[in-house]
file entry_23.cif (mmCIF, C-alpha atoms)
data_structure
#
loop_
_atom_site.label_atom_id
_atom_site.label_comp_id
_atom_site.auth_asym_id
_atom_site.auth_seq_id
_atom_site.Cartn_x
_atom_site.Cartn_y
_atom_site.Cartn_z
CA ILE E 1110 1.62 22.90 -13.07
CA PRO E 1111 -0.15 22.12 -16.35
CA ALA E 1112 1.43 19.38 -18.44
CA SER E 1113 2.11 21.86 -21.26
CA TRP E 1114 4.34 24.01 -19.01
CA ASP E 1115 8.01 23.35 -18.27
CA THR E 1116 8.40 26.04 -15.60
CA ALA E 1117 6.34 28.40 -13.45
CA THR E 1118 6.94 30.77 -10.55
CA VAL E 1119 4.53 32.17 -7.98
CA HIS E 1120 5.80 35.42 -6.45
CA HIS E 1121 4.95 37.03 -3.13
CA LEU E 1122 2.86 34.18 -1.70
CA PRO E 1123 1.73 34.98 1.89
CA PHE E 1124 3.32 32.65 4.44
CA GLY E 1125 2.45 33.57 8.01
CA PRO E 1126 3.84 37.06 8.61
CA ASN E 1127 6.28 36.59 5.69
CA TYR E 1128 6.18 35.99 1.94
CA LEU E 1129 7.79 33.42 -0.29
CA ASP E 1130 8.34 32.66 -3.95
CA LEU E 1131 7.72 29.14 -5.29
CA SER E 1132 9.47 28.00 -8.47
CA PHE E 1133 8.42 24.86 -10.37
CA ARG E 1134 10.69 23.19 -12.94
CA ARG E 1135 10.33 19.91 -14.82
CA GLU E 1136 13.51 17.85 -14.71
CA ASN E 1137 13.08 14.57 -16.61
CA ASN E 1138 10.45 12.63 -14.64
CA VAL E 1139 10.51 14.90 -11.56
CA MET E 1140 8.94 18.24 -10.65
CA VAL E 1141 11.48 20.30 -8.71
CA VAL E 1142 9.82 22.84 -6.42
CA THR E 1143 12.03 25.46 -4.77
CA ALA E 1144 10.93 28.02 -2.20
CA THR E 1145 12.63 31.30 -1.47
CA ALA E 1146 11.40 32.68 1.83
CA VAL E 1147 12.22 36.04 3.36
CA ASN E 1148 12.79 36.10 7.14
CA ALA E 1149 11.62 32.49 7.66
CA PRO E 1150 14.49 30.64 9.37
CA GLY E 1151 14.15 26.87 9.43
CA PHE E 1152 11.57 26.89 6.63
CA GLN E 1153 11.31 23.55 4.78
CA LEU E 1154 9.18 22.27 1.91
CA GLN E 1155 7.42 18.92 2.31
CA SER E 1156 5.27 16.73 0.05
CA HIS E 1157 3.01 13.80 0.91
CA THR E 1158 3.38 12.43 -2.64
CA GLU E 1159 4.82 8.92 -2.64
CA GLY E 1160 8.51 9.01 -3.61
CA ALA E 1161 8.92 12.77 -3.00
CA LYS E 1162 12.28 13.85 -1.57
CA SER E 1163 12.58 16.99 0.55
CA GLN E 1164 15.87 18.82 0.95
CA GLY E 1165 15.28 22.00 2.93
CA THR E 1166 13.73 24.59 0.64
CA THR E 1167 13.59 22.18 -2.33
CA VAL E 1168 11.36 19.18 -2.88
CA ARG E 1169 11.56 16.73 -5.80
CA ILE E 1170 8.16 15.22 -6.66
CA PRO E 1171 7.88 12.27 -9.06
CA LEU E 1172 5.71 12.99 -12.10
CA PRO E 1173 3.20 10.53 -13.55
CA VAL E 1174 4.47 8.54 -16.54
CA ILE E 1175 1.97 10.31 -18.85
CA GLU E 1176 0.07 13.59 -18.55
CA ALA E 1177 -2.61 14.91 -20.91
CA PHE E 1178 -3.23 18.51 -21.88
CA THR E 1179 -5.54 20.37 -24.24
CA SER E 1180 -4.84 23.45 -26.31
CA ASN E 1181 -5.56 26.75 -24.64
CA HIS E 1182 -7.36 28.32 -27.62
CA LEU E 1183 -10.46 30.13 -26.51
CA PRO E 1184 -13.54 30.49 -28.72
CA SER E 1185 -14.30 33.91 -30.17
CA PHE E 1186 -16.17 36.25 -27.86
CA GLY E 1187 -19.84 35.23 -27.79
CA ALA E 1188 -19.24 32.05 -29.82
CA GLU E 1189 -20.56 28.68 -28.72
CA THR E 1190 -17.83 26.40 -27.44
CA HIS E 1191 -17.04 23.19 -29.28
CA GLN E 1192 -13.92 22.33 -27.33
CA LEU E 1193 -12.91 18.96 -25.97
CA LYS E 1194 -13.51 18.49 -22.25
CA VAL E 1195 -11.55 16.15 -19.99
CA LEU E 1196 -14.16 14.96 -17.50
CA SER E 1197 -11.89 12.70 -15.47
CA GLU E 1198 -8.56 10.91 -15.48
CA GLN E 1199 -7.43 7.83 -13.60
CA TYR E 1200 -3.96 6.41 -13.11
CA GLY E 1201 -3.28 2.75 -12.42
CA PRO E 1202 -0.20 0.55 -12.62
CA HIS E 1203 0.95 1.04 -16.22
CA THR E 1204 -2.42 2.55 -17.24
CA TYR E 1205 -3.94 5.97 -17.75
CA THR E 1206 -7.65 6.35 -18.52
CA LEU E 1207 -9.33 9.54 -19.73
CA ASN E 1208 -13.07 10.17 -19.81
CA LEU E 1209 -13.62 12.79 -22.53
CA ALA E 1210 -16.60 14.74 -23.90
CA ALA E 1211 -16.91 16.59 -27.21
CA PRO E 1212 -19.59 17.46 -29.77
CA GLY E 1213 -21.02 14.32 -31.38
CA GLY E 1214 -19.42 13.34 -34.69
CA SER E 1215 -16.32 15.50 -34.13
CA VAL E 1216 -12.66 14.57 -34.16
CA GLN E 1217 -10.72 16.12 -31.29
CA THR E 1218 -7.02 16.32 -30.48
CA LEU E 1219 -5.23 16.55 -27.17
CA SER E 1220 -1.58 16.14 -26.32
CA LEU E 1221 0.26 13.66 -24.15
CA ARG E 1222 3.49 14.45 -22.32
CA GLU E 1223 5.68 11.42 -21.66
CA ASN E 1224 7.71 11.73 -18.48
CA ALA E 1225 9.45 8.40 -19.07
CA PRO E 1226 11.61 7.66 -22.12
CA HIS E 1227 10.84 5.14 -24.88
CA LEU E 1228 7.31 4.18 -23.89
CA ALA E 1229 5.58 1.51 -25.99
CA LEU E 1230 2.01 2.76 -25.74
CA HIS E 1231 -1.17 0.80 -26.45
CA ILE E 1232 -4.19 3.06 -27.01
CA ASP E 1233 -7.88 2.09 -27.00
CA GLY E 1234 -10.44 4.69 -28.15
CA ALA E 1235 -8.06 6.97 -30.07
CA THR E 1236 -5.02 7.11 -32.31
CA VAL E 1237 -1.68 8.61 -31.34
CA SER E 1238 1.22 10.16 -33.24
CA GLU E 1239 4.90 9.34 -32.83
CA SER E 1240 6.65 10.98 -29.91
CA LYS E 1241 8.43 14.26 -30.69
CA ASN E 1242 10.48 15.60 -27.78
CA GLY E 1243 8.31 13.60 -25.37
CA ILE E 1244 5.02 15.00 -26.74
CA ARG E 1245 2.44 13.01 -28.73
CA ASN E 1246 -0.85 14.11 -30.26
CA LEU E 1247 -3.83 11.93 -29.47
CA SER E 1248 -6.80 12.05 -31.86
CA ALA E 1249 -10.23 10.83 -30.72
CA GLU E 1250 -13.22 10.41 -33.03
CA PHE E 1251 -16.47 10.92 -31.12
CA PRO E 1252 -19.62 9.00 -32.04
CA ALA E 1253 -22.49 10.82 -33.73
CA GLY E 1254 -24.96 12.39 -31.34
CA THR E 1255 -26.64 15.60 -30.32
CA GLY E 1256 -24.65 17.96 -28.15
CA TYR E 1257 -21.68 16.64 -26.21
CA VAL E 1258 -21.08 12.88 -26.16
CA GLN E 1259 -18.60 10.97 -24.01
CA GLN E 1260 -15.79 8.64 -24.91
CA THR E 1261 -13.21 6.77 -22.84
CA VAL E 1262 -9.59 6.56 -23.95
CA SER E 1263 -7.40 3.94 -22.26
CA ILE E 1264 -3.61 4.08 -22.48
CA SER E 1265 -1.29 1.34 -21.27
CA TRP E 1266 2.45 0.74 -21.46
#
call {"tool": "encode", "arguments": {"input": "entry_23.cif", "output": "structure tokens"}}
result
Amino acid sequence: IPASWDTATVHHLPFGPNYLDLSFRRENNVMVVTATAVNAPGFQLQSHTEGAKSQGTTVRIPLPVIEAFTSNHLPSFGAETHQLKVLSEQYGPHTYTLNLAAPGGSVQTLSLRENAPHLALHIDGATVSESKNGIRNLSAEFPAGTGYVQQTVSISW
């Protein structure tokens, strides 16, 4: 689920001849996924994610140390968009790299969710606020240019 969400539920998902509900809940550094299936004896959830633990109709999936998310404000109807775009993200051991695009000369903000406590972050390509309830605001200043320009932000801990 998006990094800005703590919970989500999908109802009435087709599963063979039956239906199931899937519930997602963040629990510290784990995403807990629970399925409720009607008339599906022996049903089990599985995940191929490294470190995931399946227990029947529940699976616990480790979350990345950091996740990024943008605001969900839409431009006015018919207006030209000037929103930040996340073009790609890459995780490595103790690193998270974002390739961003935004209008040249603009300052853009996105948020970071920390799924591990007390991270000492080092940021290249942006500035970051103090953590408040595991959320930080990251501010990136884009170089002057026409249209959208790209910038890379590297985070390590």
call {"tool": "residues_around", "arguments": {"input": "entry_23.cif", "residues": "stretch 1237-1250 of chain E", "least_positions_apart": "3", "cutoff": "10 Å", "atoms": "all atoms listed in the file", "output": "PyMOL selection string"}}
result
chain E and resi 1113+1175-1179+1193+1209+1211+1213-1228+1230-1234+1253+1260-1262
call {"tool": "write_last_selection", "arguments": {"input": "entry_23.cif", "atoms": "C-alpha atoms", "output": "CSV table (one decimal), in the coordinates of the input"}}
result
chain,number,residue,atom,x,y,z
E,1113,SER,CA,2.1,21.9,-21.3
E,1175,ILE,CA,2.0,10.3,-18.8
E,1176,GLU,CA,0.1,13.6,-18.6
E,1177,ALA,CA,-2.6,14.9,-20.9
E,1178,PHE,CA,-3.2,18.5,-21.9
E,1179,THR,CA,-5.5,20.4,-24.2
E,1193,LEU,CA,-12.9,19.0,-26.0
E,1209,LEU,CA,-13.6,12.8,-22.5
E,1211,ALA,CA,-16.9,16.6,-27.2
E,1213,GLY,CA,-21.0,14.3,-31.4
E,1214,GLY,CA,-19.4,13.3,-34.7
E,1215,SER,CA,-16.3,15.5,-34.1
E,1216,VAL,CA,-12.7,14.6,-34.2
E,1217,GLN,CA,-10.7,16.1,-31.3
E,1218,THR,CA,-7.0,16.3,-30.5
E,1219,LEU,CA,-5.2,16.6,-27.2
E,1220,SER,CA,-1.6,16.1,-26.3
E,1221,LEU,CA,0.3,13.7,-24.2
E,1222,ARG,CA,3.5,14.4,-22.3
E,1223,GLU,CA,5.7,11.4,-21.7
E,1224,ASN,CA,7.7,11.7,-18.5
E,1225,ALA,CA,9.4,8.4,-19.1
E,1226,PRO,CA,11.6,7.7,-22.1
E,1227,HIS,CA,10.8,5.1,-24.9
E,1228,LEU,CA,7.3,4.2,-23.9
E,1230,LEU,CA,2.0,2.8,-25.7
E,1231,HIS,CA,-1.2,0.8,-26.4
E,1232,ILE,CA,-4.2,3.1,-27.0
E,1233,ASP,CA,-7.9,2.1,-27.0
E,1234,GLY,CA,-10.4,4.7,-28.2
E,1253,ALA,CA,-22.5,10.8,-33.7
E,1260,GLN,CA,-15.8,8.6,-24.9
E,1261,THR,CA,-13.2,6.8,-22.8
E,1262,VAL,CA,-9.6,6.6,-24.0
call {"tool": "closest_residue", "arguments": {"input": "entry_23.cif", "among": "E:Ser1197, E:Ser1132, E:Gln1259, E:Thr1204", "to": "E:Arg1169", "atoms": "only C-alpha atoms"}}
result
E:Ser1132
call {"tool": "resolve_selection", "arguments": {"input": "entry_23.cif", "expression": "the PyMOL selection byres ((chain E and resi 1158) around 12)", "output": "ChimeraX atom specification"}}
result
/E:1139-1140,1155-1157,1159-1163,1168-1173
call {"tool": "write_last_selection", "arguments": {"input": "entry_23.cif", "atoms": "C-alpha atoms", "output": "PDB file, keeping the file's coordinate frame"}}
result
ATOM      1  CA  VAL E1139      10.510  14.900 -11.560  1.00  0.00           C
ATOM      2  CA  MET E1140       8.940  18.240 -10.650  1.00  0.00           C
ATOM      3  CA  GLN E1155       7.420  18.920   2.310  1.00  0.00           C
ATOM      4  CA  SER E1156       5.270  16.730   0.050  1.00  0.00           C
ATOM      5  CA  HIS E1157       3.010  13.800   0.910  1.00  0.00           C
ATOM      6  CA  GLU E1159       4.820   8.920  -2.640  1.00  0.00           C
ATOM      7  CA  GLY E1160       8.510   9.010  -3.610  1.00  0.00           C
ATOM      8  CA  ALA E1161       8.920  12.770  -3.000  1.00  0.00           C
ATOM      9  CA  LYS E1162      12.280  13.850  -1.570  1.00  0.00           C
ATOM     10  CA  SER E1163      12.580  16.990   0.550  1.00  0.00           C
ATOM     11  CA  VAL E1168      11.360  19.180  -2.880  1.00  0.00           C
ATOM     12  CA  ARG E1169      11.560  16.730  -5.800  1.00  0.00           C
ATOM     13  CA  ILE E1170       8.160  15.220  -6.660  1.00  0.00           C
ATOM     14  CA  PRO E1171       7.880  12.270  -9.060  1.00  0.00           C
ATOM     15  CA  LEU E1172       5.710  12.990 -12.100  1.00  0.00           C
ATOM     16  CA  PRO E1173       3.200  10.530 -13.550  1.00  0.00           C
TER      17      PRO E1173
END
call {"tool": "closest_residue", "arguments": {"input": "entry_23.cif", "among": "E:Thr1145, E:Gln1153, E:Ser1263, E:Asn1181", "to": "E:Tyr1200", "atoms": "only C-alpha atoms"}}
result
E:Ser1263
call {"tool": "axis_aligned_box", "arguments": {"input": "entry_23.cif", "around": "stretch 1237-1240 of chain E", "padding_each_side": "5 Å", "output": "JSON"}}
result
{"center_x": 2.5, "center_y": 9.8, "center_z": -31.6, "size_x": 18.3, "size_y": 12.4, "size_z": 13.3}
call {"tool": "atom_distance", "arguments": {"input": "entry_23.cif", "atom1": "atom CA of E:Thr1236", "atom2": "atom CA of E:Trp1266"}}
result
14.6 Å
call {"tool": "closest_residue", "arguments": {"input": "entry_23.cif", "among": "E:Ala1117, E:Thr1166, E:Val1174, E:Leu1207", "to": "E:Asn1137", "atoms": "all atoms listed in the file"}}
result
E:Val1174
call {"tool": "atom_distance", "arguments": {"input": "entry_23.cif", "atom1": "atom CA of E:Asp1130", "atom2": "atom CA of E:Thr1116"}}
result
13.4 Å
call {"tool": "closest_residue", "arguments": {"input": "entry_23.cif", "among": "E:Val1119, E:Ala1210, E:Leu1129, E:Val1142", "to": "E:Thr1255", "atoms": "all atoms listed in the file"}}
result
E:Ala1210
call {"tool": "atom_distance", "arguments": {"input": "entry_23.cif", "atom1": "atom CA of E:Arg1134", "atom2": "atom CA of E:Val1195"}}
result
24.4 Å
call {"tool": "closest_residue", "arguments": {"input": "entry_23.cif", "among": "E:Val1258, E:Glu1189, E:Phe1133, E:Tyr1205", "to": "E:Ile1110", "atoms": "all atoms listed in the file"}}
result
E:Phe1133
call {"tool": "closest_residue", "arguments": {"input": "entry_23.cif", "among": "E:Thr1118, E:Thr1190, E:Ser1265, E:Thr1167", "to": "E:Thr1143", "atoms": "all atoms listed in the file"}}
result
E:Thr1167
